[in-house]
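Have a look at target-v8.cif below; it lists mmCIF, C-alpha atoms.
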```cif
data_protein
loop_
_atom_site.group_PDB
_atom_site.id
_atom_site.type_symbol
_atom_site.label_atom_id
_atom_site.label_comp_id
_atom_site.auth_asym_id
_atom_site.auth_seq_id
_atom_site.Cartn_x
_atom_site.Cartn_y
_atom_site.Cartn_z
ATOM 1 C CA MET A 862 0.000 0.000 0.000
ATOM 2 C CA LEU A 863 1.314 3.469 -0.975
ATOM 3 C CA PHE A 864 1.071 6.392 1.439
ATOM 4 C CA ARG A 865 1.299 10.016 0.391
ATOM 5 C CA THR A 866 2.623 11.226 3.747
ATOM 6 C CA GLY A 867 4.204 9.798 6.848
ATOM 7 C CA LYS A 868 1.143 10.826 8.808
ATOM 8 C CA GLU A 869 -1.043 8.517 6.698
ATOM 9 C CA ARG A 870 1.395 5.668 7.272
ATOM 10 C CA TRP A 871 1.323 6.096 11.047
ATOM 11 C CA ALA A 872 -2.463 6.429 11.039
ATOM 12 C CA TYR A 873 -2.724 3.137 9.150
ATOM 13 C CA LEU A 874 -0.299 1.376 11.504
ATOM 14 C CA ASN A 875 -2.135 2.726 14.543
ATOM 15 C CA LYS A 876 -5.464 1.519 13.153
ATOM 16 C CA TYR A 877 -4.227 -2.082 12.797
ATOM 17 C CA LYS A 878 -1.720 -2.118 15.657
ATOM 18 C CA ALA A 879 -3.526 -4.999 17.400
ATOM 19 C CA LEU A 880 -3.022 -7.217 14.352
ATOM 20 C CA TYR A 881 0.653 -6.284 14.146
ATOM 21 C CA PHE A 882 1.184 -7.136 17.809
ATOM 22 C CA LEU A 883 -0.554 -10.480 17.317
ATOM 23 C CA SER A 884 1.782 -11.258 14.416
ATOM 24 C CA ILE A 885 4.962 -10.695 16.464
ATOM 25 C CA PRO A 886 5.129 -14.240 18.017
ATOM 26 C CA GLY A 887 4.705 -15.815 14.592
ATOM 27 C CA ILE A 888 7.382 -13.589 13.072
ATOM 28 C CA LEU A 889 9.795 -14.390 15.922
ATOM 29 C CA TYR A 890 9.116 -18.109 15.526
ATOM 30 C CA PHE A 891 10.010 -18.077 11.834
ATOM 31 C CA LEU A 892 13.071 -15.894 12.412
ATOM 32 C CA LEU A 893 14.480 -18.057 15.201
ATOM 33 C CA PHE A 894 13.604 -21.539 13.950
ATOM 34 C CA LYS A 895 13.456 -21.120 10.154
ATOM 35 C CA TYR A 896 15.711 -18.272 8.999
ATOM 36 C CA VAL A 897 18.543 -18.211 11.573
ATOM 37 C CA PRO A 898 19.262 -21.980 11.135
ATOM 38 C CA LEU A 899 19.778 -21.342 7.407
ATOM 39 C CA PHE A 900 23.242 -19.995 8.243
ATOM 40 C CA GLY A 901 24.162 -23.489 9.435
ATOM 41 C CA SER A 902 23.847 -24.745 5.850
ATOM 42 C CA VAL A 903 27.441 -23.622 5.346
ATOM 43 C CA MET A 904 28.464 -26.888 7.087
ATOM 44 C CA ALA A 905 27.507 -28.781 3.933
ATOM 45 C CA PHE A 906 30.549 -27.270 2.211
ATOM 46 C CA GLN A 907 32.958 -27.762 5.121
ATOM 47 C CA ASP A 908 34.626 -30.551 7.036
ATOM 48 C CA TYR A 909 32.875 -29.192 10.095
ATOM 49 C CA ASN A 910 34.499 -29.473 13.496
ATOM 50 C CA ILE A 911 32.420 -28.495 16.524
ATOM 51 C CA PHE A 912 35.523 -27.171 18.319
ATOM 52 C CA LYS A 913 36.688 -24.996 15.399
ATOM 53 C CA GLY A 914 33.246 -23.747 14.407
ATOM 54 C CA TYR A 915 32.200 -22.304 11.064
ATOM 55 C CA LEU A 916 35.181 -19.991 10.747
ATOM 56 C CA GLY A 917 37.859 -22.523 11.606
ATOM 57 C CA SER A 918 36.572 -25.611 9.772
ATOM 58 C CA ALA A 919 38.199 -26.536 6.459
ATOM 59 C CA TRP A 920 36.294 -25.967 3.214
ATOM 60 C CA VAL A 921 35.736 -29.047 1.050
ATOM 61 C CA GLY A 922 33.345 -27.681 -1.583
ATOM 62 C CA PHE A 923 30.942 -30.255 -3.023
ATOM 63 C CA ASP A 924 32.760 -33.334 -1.635
ATOM 64 C CA HIS A 925 29.873 -34.292 0.657
ATOM 65 C CA PHE A 926 27.365 -34.056 -2.208
ATOM 66 C CA GLN A 927 29.552 -36.330 -4.356
ATOM 67 C CA ARG A 928 29.842 -38.811 -1.505
ATOM 68 C CA MET A 929 26.076 -38.654 -1.029
ATOM 69 C CA PHE A 930 25.304 -39.868 -4.551
ATOM 70 C CA GLN A 931 28.127 -42.413 -4.605
ATOM 71 C CA TYR A 932 27.002 -44.137 -1.399
ATOM 72 C CA PRO A 933 24.786 -47.191 -2.214
ATOM 73 C CA ASP A 934 22.818 -46.960 1.040
ATOM 74 C CA PHE A 935 21.930 -43.335 0.329
ATOM 75 C CA LEU A 936 20.451 -44.223 -3.068
ATOM 76 C CA ARG A 937 18.380 -46.987 -1.460
ATOM 77 C CA ILE A 938 17.134 -44.645 1.258
ATOM 78 C CA LEU A 939 16.383 -41.923 -1.300
ATOM 79 C CA LYS A 940 14.319 -44.452 -3.262
ATOM 80 C CA ASN A 941 12.384 -45.375 -0.092
ATOM 81 C CA THR A 942 11.719 -41.692 0.623
ATOM 82 C CA LEU A 943 10.478 -40.980 -2.896
ATOM 83 C CA ILE A 944 8.211 -44.053 -2.974
ATOM 84 C CA LEU A 945 6.661 -43.199 0.406
ATOM 85 C CA ALA A 946 6.242 -39.564 -0.681
ATOM 86 C CA PHE A 947 4.402 -40.641 -3.844
ATOM 87 C CA TYR A 948 2.209 -43.035 -1.845
ATOM 88 C CA SER A 949 1.415 -40.314 0.671
ATOM 89 C CA LEU A 950 0.604 -37.792 -2.054
ATOM 90 C CA GLY A 951 -1.513 -40.275 -3.996
ATOM 91 C CA PHE A 952 -3.469 -41.758 -1.084
ATOM 92 C CA SER A 953 -3.250 -39.340 1.860
ATOM 93 C CA PHE A 954 -4.026 -36.120 -0.004
ATOM 94 C CA PRO A 955 -7.434 -37.080 -1.524
ATOM 95 C CA ILE A 956 -8.826 -38.712 1.642
ATOM 96 C CA PRO A 957 -9.578 -35.436 3.536
ATOM 97 C CA ILE A 958 -11.367 -34.091 0.440
ATOM 98 C CA ILE A 959 -13.549 -37.203 0.217
ATOM 99 C CA LEU A 960 -14.263 -37.104 3.967
ATOM 100 C CA ALA A 961 -15.209 -33.419 3.802
ATOM 101 C CA LEU A 962 -17.628 -34.081 0.941
ATOM 102 C CA LEU A 963 -19.206 -36.970 2.854
ATOM 103 C CA LEU A 964 -19.497 -34.971 6.086
ATOM 104 C CA ASN A 965 -21.054 -32.112 4.168
ATOM 105 C CA GLU A 966 -23.886 -34.415 3.077
ATOM 106 C CA ILE A 967 -24.876 -35.238 6.679
ATOM 107 C CA ARG A 968 -27.936 -33.217 7.677
ATOM 108 C CA LYS A 969 -28.315 -34.205 11.362
ATOM 109 C CA MET A 970 -25.940 -31.822 13.143
ATOM 110 C CA PHE A 971 -25.542 -33.925 16.307
ATOM 111 C CA PHE A 972 -24.429 -36.946 14.311
ATOM 112 C CA LYS A 973 -22.178 -34.774 12.136
ATOM 113 C CA ARG A 974 -20.457 -33.125 15.111
ATOM 114 C CA THR A 975 -19.982 -36.467 16.864
ATOM 115 C CA LEU A 976 -18.462 -38.038 13.764
ATOM 116 C CA GLN A 977 -16.183 -35.045 13.266
ATOM 117 C CA THR A 978 -14.922 -35.311 16.846
ATOM 118 C CA ILE A 979 -14.177 -39.017 16.430
ATOM 119 C CA ILE A 980 -12.175 -38.603 13.234
ATOM 120 C CA TYR A 981 -10.319 -35.532 14.600
ATOM 121 C CA MET A 982 -9.127 -37.236 17.800
ATOM 122 C CA PRO A 983 -6.233 -39.343 16.385
ATOM 123 C CA HIS A 984 -4.489 -36.136 15.287
ATOM 124 C CA PHE A 985 -3.921 -35.195 18.941
ATOM 125 C CA LEU A 986 -2.109 -38.464 19.683
ATOM 126 C CA SER A 987 1.680 -38.552 19.409
ATOM 127 C CA TRP A 988 3.347 -40.862 16.909
ATOM 128 C CA VAL A 989 4.614 -42.960 19.824
ATOM 129 C CA VAL A 990 1.005 -43.675 20.837
ATOM 130 C CA ILE A 991 -0.060 -44.232 17.211
ATOM 131 C CA GLY A 992 2.860 -46.607 16.701
ATOM 132 C CA GLY A 993 2.042 -48.531 19.875
ATOM 133 C CA ILE A 994 -1.601 -48.942 18.853
ATOM 134 C CA ALA A 995 -0.664 -50.061 15.333
ATOM 135 C CA ILE A 996 1.958 -52.540 16.563
ATOM 136 C CA GLU A 997 -0.516 -53.987 19.053
ATOM 137 C CA ILE A 998 -3.245 -54.338 16.417
ATOM 138 C CA LEU A 999 -0.802 -56.059 14.030
ATOM 139 C CA SER A 1000 0.822 -58.276 16.671
ATOM 140 C CA PRO A 1001 1.239 -61.886 15.436
ATOM 141 C CA ARG A 1002 0.063 -63.287 18.792
ATOM 142 C CA SER A 1003 -2.665 -61.051 20.164
ATOM 143 C CA GLY A 1004 -3.323 -58.563 17.376
ATOM 144 C CA PHE A 1005 -6.854 -58.002 16.087
ATOM 145 C CA VAL A 1006 -5.839 -58.413 12.449
ATOM 146 C CA ASN A 1007 -4.017 -61.710 13.006
ATOM 147 C CA ASN A 1008 -6.907 -63.036 15.092
ATOM 148 C CA ILE A 1009 -9.131 -62.606 12.036
ATOM 149 C CA ILE A 1010 -6.481 -64.189 9.776
ATOM 150 C CA THR A 1011 -6.198 -67.273 12.011
ATOM 151 C CA MET A 1012 -10.002 -67.529 12.323
ATOM 152 C CA ILE A 1013 -10.339 -67.969 8.550
ATOM 153 C CA GLY A 1014 -7.647 -70.641 8.493
ATOM 154 C CA PHE A 1015 -4.405 -68.855 7.603
ATOM 155 C CA ASN A 1016 -1.143 -68.548 9.502
ATOM 156 C CA PRO A 1017 -0.518 -65.294 11.410
ATOM 157 C CA ILE A 1018 1.671 -62.693 9.731
ATOM 158 C CA TYR A 1019 4.460 -60.803 11.445
ATOM 159 C CA PHE A 1020 3.680 -57.477 9.768
ATOM 160 C CA MET A 1021 6.405 -55.475 11.514
ATOM 161 C CA GLY A 1022 9.031 -58.076 10.629
ATOM 162 C CA GLU A 1023 8.540 -58.125 6.858
ATOM 163 C CA GLU A 1024 9.754 -55.412 4.510
ATOM 164 C CA SER A 1025 6.826 -55.832 2.129
ATOM 165 C CA TYR A 1026 4.319 -54.422 4.655
ATOM 166 C CA ILE A 1027 6.173 -51.462 6.165
ATOM 167 C CA ARG A 1028 5.262 -48.900 3.482
ATOM 168 C CA THR A 1029 1.582 -49.781 3.673
ATOM 169 C CA ILE A 1030 1.694 -49.496 7.475
ATOM 170 C CA LEU A 1031 3.417 -46.095 7.365
ATOM 171 C CA VAL A 1032 1.016 -44.580 4.836
ATOM 172 C CA SER A 1033 -2.168 -46.049 6.337
ATOM 173 C CA SER A 1034 -1.246 -44.977 9.879
ATOM 174 C CA GLY A 1035 -0.685 -41.441 8.594
ATOM 175 C CA ILE A 1036 -4.081 -41.450 6.911
ATOM 176 C CA TRP A 1037 -5.783 -42.647 10.097
ATOM 177 C CA ARG A 1038 -4.051 -39.983 12.198
ATOM 178 C CA ASP A 1039 -4.370 -36.899 9.987
ATOM 179 C CA ALA A 1040 -7.190 -37.444 7.475
ATOM 180 C CA GLY A 1041 -9.895 -36.150 9.819
ATOM 181 C CA TRP A 1042 -7.879 -33.100 10.809
ATOM 182 C CA GLY A 1043 -7.269 -32.316 7.141
ATOM 183 C CA THR A 1044 -11.011 -31.954 6.516
ATOM 184 C CA ILE A 1045 -11.247 -28.752 8.588
ATOM 185 C CA ILE A 1046 -10.062 -26.419 5.830
ATOM 186 C CA TYR A 1047 -12.233 -28.117 3.202
ATOM 187 C CA LEU A 1048 -15.332 -27.944 5.404
ATOM 188 C CA ALA A 1049 -14.653 -24.250 5.980
ATOM 189 C CA ALA A 1050 -14.382 -23.735 2.220
ATOM 190 C CA LEU A 1051 -17.671 -25.588 1.689
ATOM 191 C CA THR A 1052 -19.508 -23.141 3.941
ATOM 192 C CA SER A 1053 -18.638 -20.291 1.546
ATOM 193 C CA ILE A 1054 -20.566 -21.852 -1.363
ATOM 194 C CA ASN A 1055 -23.779 -19.970 -2.127
ATOM 195 C CA PRO A 1056 -26.804 -22.214 -1.282
ATOM 196 C CA ASP A 1057 -28.712 -20.626 -4.169
ATOM 197 C CA LEU A 1058 -26.503 -22.564 -6.575
ATOM 198 C CA TYR A 1059 -27.748 -25.867 -5.152
ATOM 199 C CA GLU A 1060 -31.367 -24.698 -5.174
ATOM 200 C CA ALA A 1061 -31.114 -23.628 -8.806
ATOM 201 C CA SER A 1062 -29.517 -26.936 -9.768
ATOM 202 C CA GLU A 1063 -32.298 -28.885 -7.996
ATOM 203 C CA MET A 1064 -34.881 -26.981 -10.022
ATOM 204 C CA ASP A 1065 -32.987 -28.078 -13.147
ATOM 205 C CA GLY A 1066 -33.158 -31.707 -11.992
ATOM 206 C CA ALA A 1067 -29.537 -32.134 -10.921
ATOM 207 C CA THR A 1068 -28.789 -35.081 -8.609
ATOM 208 C CA ARG A 1069 -26.517 -34.786 -5.550
ATOM 209 C CA TRP A 1070 -23.684 -36.402 -7.524
ATOM 210 C CA ARG A 1071 -24.116 -33.893 -10.365
ATOM 211 C CA GLN A 1072 -24.153 -31.032 -7.831
ATOM 212 C CA THR A 1073 -20.908 -32.316 -6.356
ATOM 213 C CA LEU A 1074 -19.216 -32.464 -9.755
ATOM 214 C CA SER A 1075 -20.587 -29.167 -11.100
ATOM 215 C CA ILE A 1076 -20.748 -26.956 -7.981
ATOM 216 C CA THR A 1077 -18.903 -28.347 -4.964
ATOM 217 C CA LEU A 1078 -15.642 -29.519 -6.539
ATOM 218 C CA PRO A 1079 -15.139 -26.383 -8.701
ATOM 219 C CA ALA A 1080 -15.731 -24.237 -5.603
ATOM 220 C CA LEU A 1081 -13.152 -26.305 -3.670
ATOM 221 C CA MET A 1082 -10.570 -26.259 -6.449
ATOM 222 C CA PRO A 1083 -8.696 -23.099 -5.299
ATOM 223 C CA THR A 1084 -8.337 -24.570 -1.790
ATOM 224 C CA ILE A 1085 -7.296 -27.959 -3.158
ATOM 225 C CA THR A 1086 -4.701 -26.300 -5.386
ATOM 226 C CA ILE A 1087 -3.122 -24.285 -2.571
ATOM 227 C CA LEU A 1088 -2.939 -27.262 -0.187
ATOM 228 C CA PHE A 1089 -1.583 -29.496 -2.948
ATOM 229 C CA LEU A 1090 1.205 -27.012 -3.685
ATOM 230 C CA LEU A 1091 2.042 -26.764 0.015
ATOM 231 C CA GLN A 1092 2.261 -30.550 0.273
ATOM 232 C CA ILE A 1093 4.511 -30.695 -2.785
ATOM 233 C CA GLY A 1094 6.861 -28.304 -0.996
ATOM 234 C CA HIS A 1095 7.185 -30.892 1.799
ATOM 235 C CA PHE A 1096 7.347 -33.779 -0.657
ATOM 236 C CA MET A 1097 10.474 -35.343 0.876
ATOM 237 C CA ASP A 1098 9.629 -34.495 4.493
ATOM 238 C CA PHE A 1099 7.844 -37.710 5.403
ATOM 239 C CA GLY A 1100 8.723 -37.218 9.063
ATOM 240 C CA PHE A 1101 11.256 -38.747 11.455
ATOM 241 C CA GLU A 1102 8.817 -39.458 14.298
ATOM 242 C CA ARG A 1103 6.322 -41.071 11.940
ATOM 243 C CA VAL A 1104 8.847 -43.635 10.718
ATOM 244 C CA SER A 1105 11.152 -44.205 13.681
ATOM 245 C CA VAL A 1106 8.436 -45.751 15.878
ATOM 246 C CA PHE A 1107 7.800 -48.462 13.269
ATOM 247 C CA LEU A 1108 11.383 -49.028 12.131
ATOM 248 C CA ASN A 1109 13.459 -52.056 13.095
ATOM 249 C CA THR A 1110 16.303 -54.069 11.591
ATOM 250 C CA LEU A 1111 13.864 -56.421 9.832
ATOM 251 C CA ASN A 1112 11.963 -53.759 7.870
ATOM 252 C CA ALA A 1113 14.615 -51.027 7.528
ATOM 253 C CA GLY A 1114 15.449 -52.121 3.989
ATOM 254 C CA LYS A 1115 12.226 -50.581 2.664
ATOM 255 C CA GLY A 1116 11.269 -48.389 5.615
ATOM 256 C CA GLU A 1117 14.311 -46.242 6.294
ATOM 257 C CA ILE A 1118 14.017 -42.718 4.888
ATOM 258 C CA LEU A 1119 16.259 -39.661 4.703
ATOM 259 C CA ASP A 1120 15.003 -38.255 8.019
ATOM 260 C CA THR A 1121 15.889 -41.396 9.985
ATOM 261 C CA TYR A 1122 19.166 -41.707 8.084
ATOM 262 C CA ILE A 1123 20.092 -38.119 8.993
ATOM 263 C CA TYR A 1124 19.369 -38.874 12.659
ATOM 264 C CA THR A 1125 21.498 -42.037 12.642
ATOM 265 C CA VAL A 1126 24.462 -40.675 10.697
ATOM 266 C CA GLY A 1127 24.318 -37.049 11.791
ATOM 267 C CA LEU A 1128 23.542 -37.229 15.501
ATOM 268 C CA LEU A 1129 24.655 -40.719 16.504
ATOM 269 C CA GLU A 1130 27.732 -40.934 14.266
ATOM 270 C CA ARG A 1131 28.394 -37.160 14.366
ATOM 271 C CA GLN A 1132 28.829 -36.700 10.603
ATOM 272 C CA TYR A 1133 27.411 -33.188 10.707
ATOM 273 C CA SER A 1134 28.617 -31.898 7.339
ATOM 274 C CA TYR A 1135 27.473 -34.949 5.409
ATOM 275 C CA THR A 1136 23.960 -34.897 6.851
ATOM 276 C CA THR A 1137 23.739 -31.116 6.412
ATOM 277 C CA ALA A 1138 24.422 -31.721 2.718
ATOM 278 C CA ILE A 1139 21.550 -34.236 2.655
ATOM 279 C CA GLY A 1140 19.233 -31.750 4.366
ATOM 280 C CA LEU A 1141 20.221 -29.029 1.905
ATOM 281 C CA PHE A 1142 19.556 -31.412 -0.975
ATOM 282 C CA LYS A 1143 16.050 -32.079 0.405
ATOM 283 C CA SER A 1144 15.360 -28.365 0.722
ATOM 284 C CA VAL A 1145 16.495 -27.632 -2.837
ATOM 285 C CA VAL A 1146 14.302 -30.436 -4.199
ATOM 286 C CA GLY A 1147 11.310 -29.065 -2.262
ATOM 287 C CA LEU A 1148 11.977 -25.534 -3.534
ATOM 288 C CA VAL A 1149 12.226 -26.693 -7.160
ATOM 289 C CA LEU A 1150 9.033 -28.753 -6.843
ATOM 290 C CA ILE A 1151 6.972 -25.960 -5.303
ATOM 291 C CA MET A 1152 8.180 -23.384 -7.842
ATOM 292 C CA THR A 1153 7.503 -25.743 -10.746
ATOM 293 C CA GLY A 1154 4.110 -26.746 -9.364
ATOM 294 C CA ASN A 1155 3.141 -23.134 -8.750
ATOM 295 C CA THR A 1156 4.095 -22.126 -12.314
ATOM 296 C CA LEU A 1157 2.138 -25.011 -13.857
ATOM 297 C CA SER A 1158 -0.861 -24.354 -11.583
ATOM 298 C CA LYS A 1159 -1.049 -20.661 -12.540
ATOM 299 C CA LYS A 1160 -0.911 -21.542 -16.232
ATOM 300 C CA MET A 1161 -3.530 -24.300 -15.995
ATOM 301 C CA THR A 1162 -5.962 -23.040 -13.345
ATOM 302 C CA GLY A 1163 -4.993 -19.435 -12.631
ATOM 303 C CA GLU A 1164 -4.441 -20.309 -8.949
ATOM 304 C CA GLY A 1165 -1.085 -20.282 -7.185
ATOM 305 C CA LEU A 1166 0.753 -19.534 -3.961
ATOM 306 C CA TYR A 1167 2.315 -16.353 -5.311
#
```
Could you render the structure as structure tokens?
Amino acid sequence: MLFRTGKERWAYLNKYKALYFLSIPGILYFLLFKYVPLFGSVMAFQDYNIFKGYLGSAWVGFDHFQRMFQYPDFLRILKNTLILAFYSLGFSFPIPIILALLLNEIRKMFFKRTLQTIIYMPHFLSWVVIGGIAIEILSPRSGFVNNIITMIGFNPIYFMGEESYIRTILVSSGIWRDAGWGTIIYLAALTSINPDLYEASEMDGATRWRQTLSITLPALMPTITILFLLQIGHFMDFGFERVSVFLNTLNAGKGEILDTYIYTVGLLERQYSYTTAIGLFKSVVGLVLIMTGNTLSKKMTGEGLY
């Protein structure tokens, strides 16, 4: 906004001073935990020594990035991360949209509110609790799933001990925990749709399915686009806590991701520069994806983040 005089500027700031004060904690959070740590990225180009610090550590250029792509375990872990990211994007992203559309069709408010509360609750549980529940349900001895398997005449399956099941467990547990919480924004967007559009479509003989395709989904498309672009930006951030509670030596071959690898190599083995290079690589990939996705989205739909 352009101001002709300084007096107009101060009058505007004084008018909205409450909003500016409310924004201060958020600004401080991003400065302290998002922008200041960016200076630590210099470690990716150094042989970092905690006693010498940034200024005293030797510069090695792109050596850690070359080592990263030459290391066989890194390529395997990168493959696991990409596969889980694609699974999460393909299965986890549409579920909140579908749930929001289904909840929007419920007319009895008491039942709707109760159902919303039930599907929101898992979001408030930590991944340790979610992991414990999932492991107990899938237990080969006392688990609910294996009890059903043995009842129909098959041998119990040790789900947590086989690599072929770990990706399904990780993605499905994430859906169960966060799908309900993800419906909040979509339900809020649904309330902004003009009811007259539905009434006019009913007069034209449109069914509920036709109303969903012709009115509801187009109205949700800007929200879907923005949230999709935001998720693309975190494409490779599957989450350390989400994976570590399920990971063991039997399923690590297909379950270990970059976040758990960074924890093991960076913190436990103290290879700070190498894991900083991996983190910087993840950030660059996320930046490229979100910029590319935003450009394509603006050309195709006219909607974008910026």
With the cut-off set at 7 Å and counting all atoms listed in the file, tabulate each residue of stretch 984-1011 of chain A with an atom at most that distance from an atom of stretch 1018-1041 of chain A, showing the nearest atom pair and its distance in Å to one decimal, ordered by chain and increasing number, as CSV.
```
residue,atom,partner,partner_atom,distance
A:His984,CA,A:Arg1038,CA,5.0
A:Leu999,CA,A:Phe1020,CA,6.3
A:Ser1000,CA,A:Tyr1019,CA,6.9
A:Pro1001,CA,A:Tyr1019,CA,5.2
A:Asn1007,CA,A:Ile1018,CA,6.6
```
Would you place a box with edges along x, y and z of the file around all atoms of stretch 913-916 of chain A listed there, add 8 Å to each of its six sides, and report the centre and edge lengths in Å to one decimal, as AutoDock Vina command-line options?
```
--center_x 34.4 --center_y -22.5 --center_z 13.1 --size_x 20.5 --size_y 21.0 --size_z 20.7
```
Computed gap from atom CA of A:Gly1165 to atom CA of A:Ile1151 is 10.0 Å
Could you state which residues are captured by the PyMOL selection byres ((chain A and resi 901-918) around 9) in this file, as a list in words? Val897, Pro898, Leu899, Phe900, Ala919, Trp920, Val921, Gly922, Phe923, Asp924, His925, Phe926, Gln1132, Tyr1133, Ser1134, Tyr1135, Thr1136, Thr1137, Ala1138, Ile1139, Gly1140 and Leu1141 of chain A
Coordinates-based distance that separates atom CA of A:Phe971 from atom CA of A:Ala1080 (Å, one decimal):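 Straight-line distance from atom CA of A:Ala1080 to atom CA of A:Phe971 works out to 25.9 Å.
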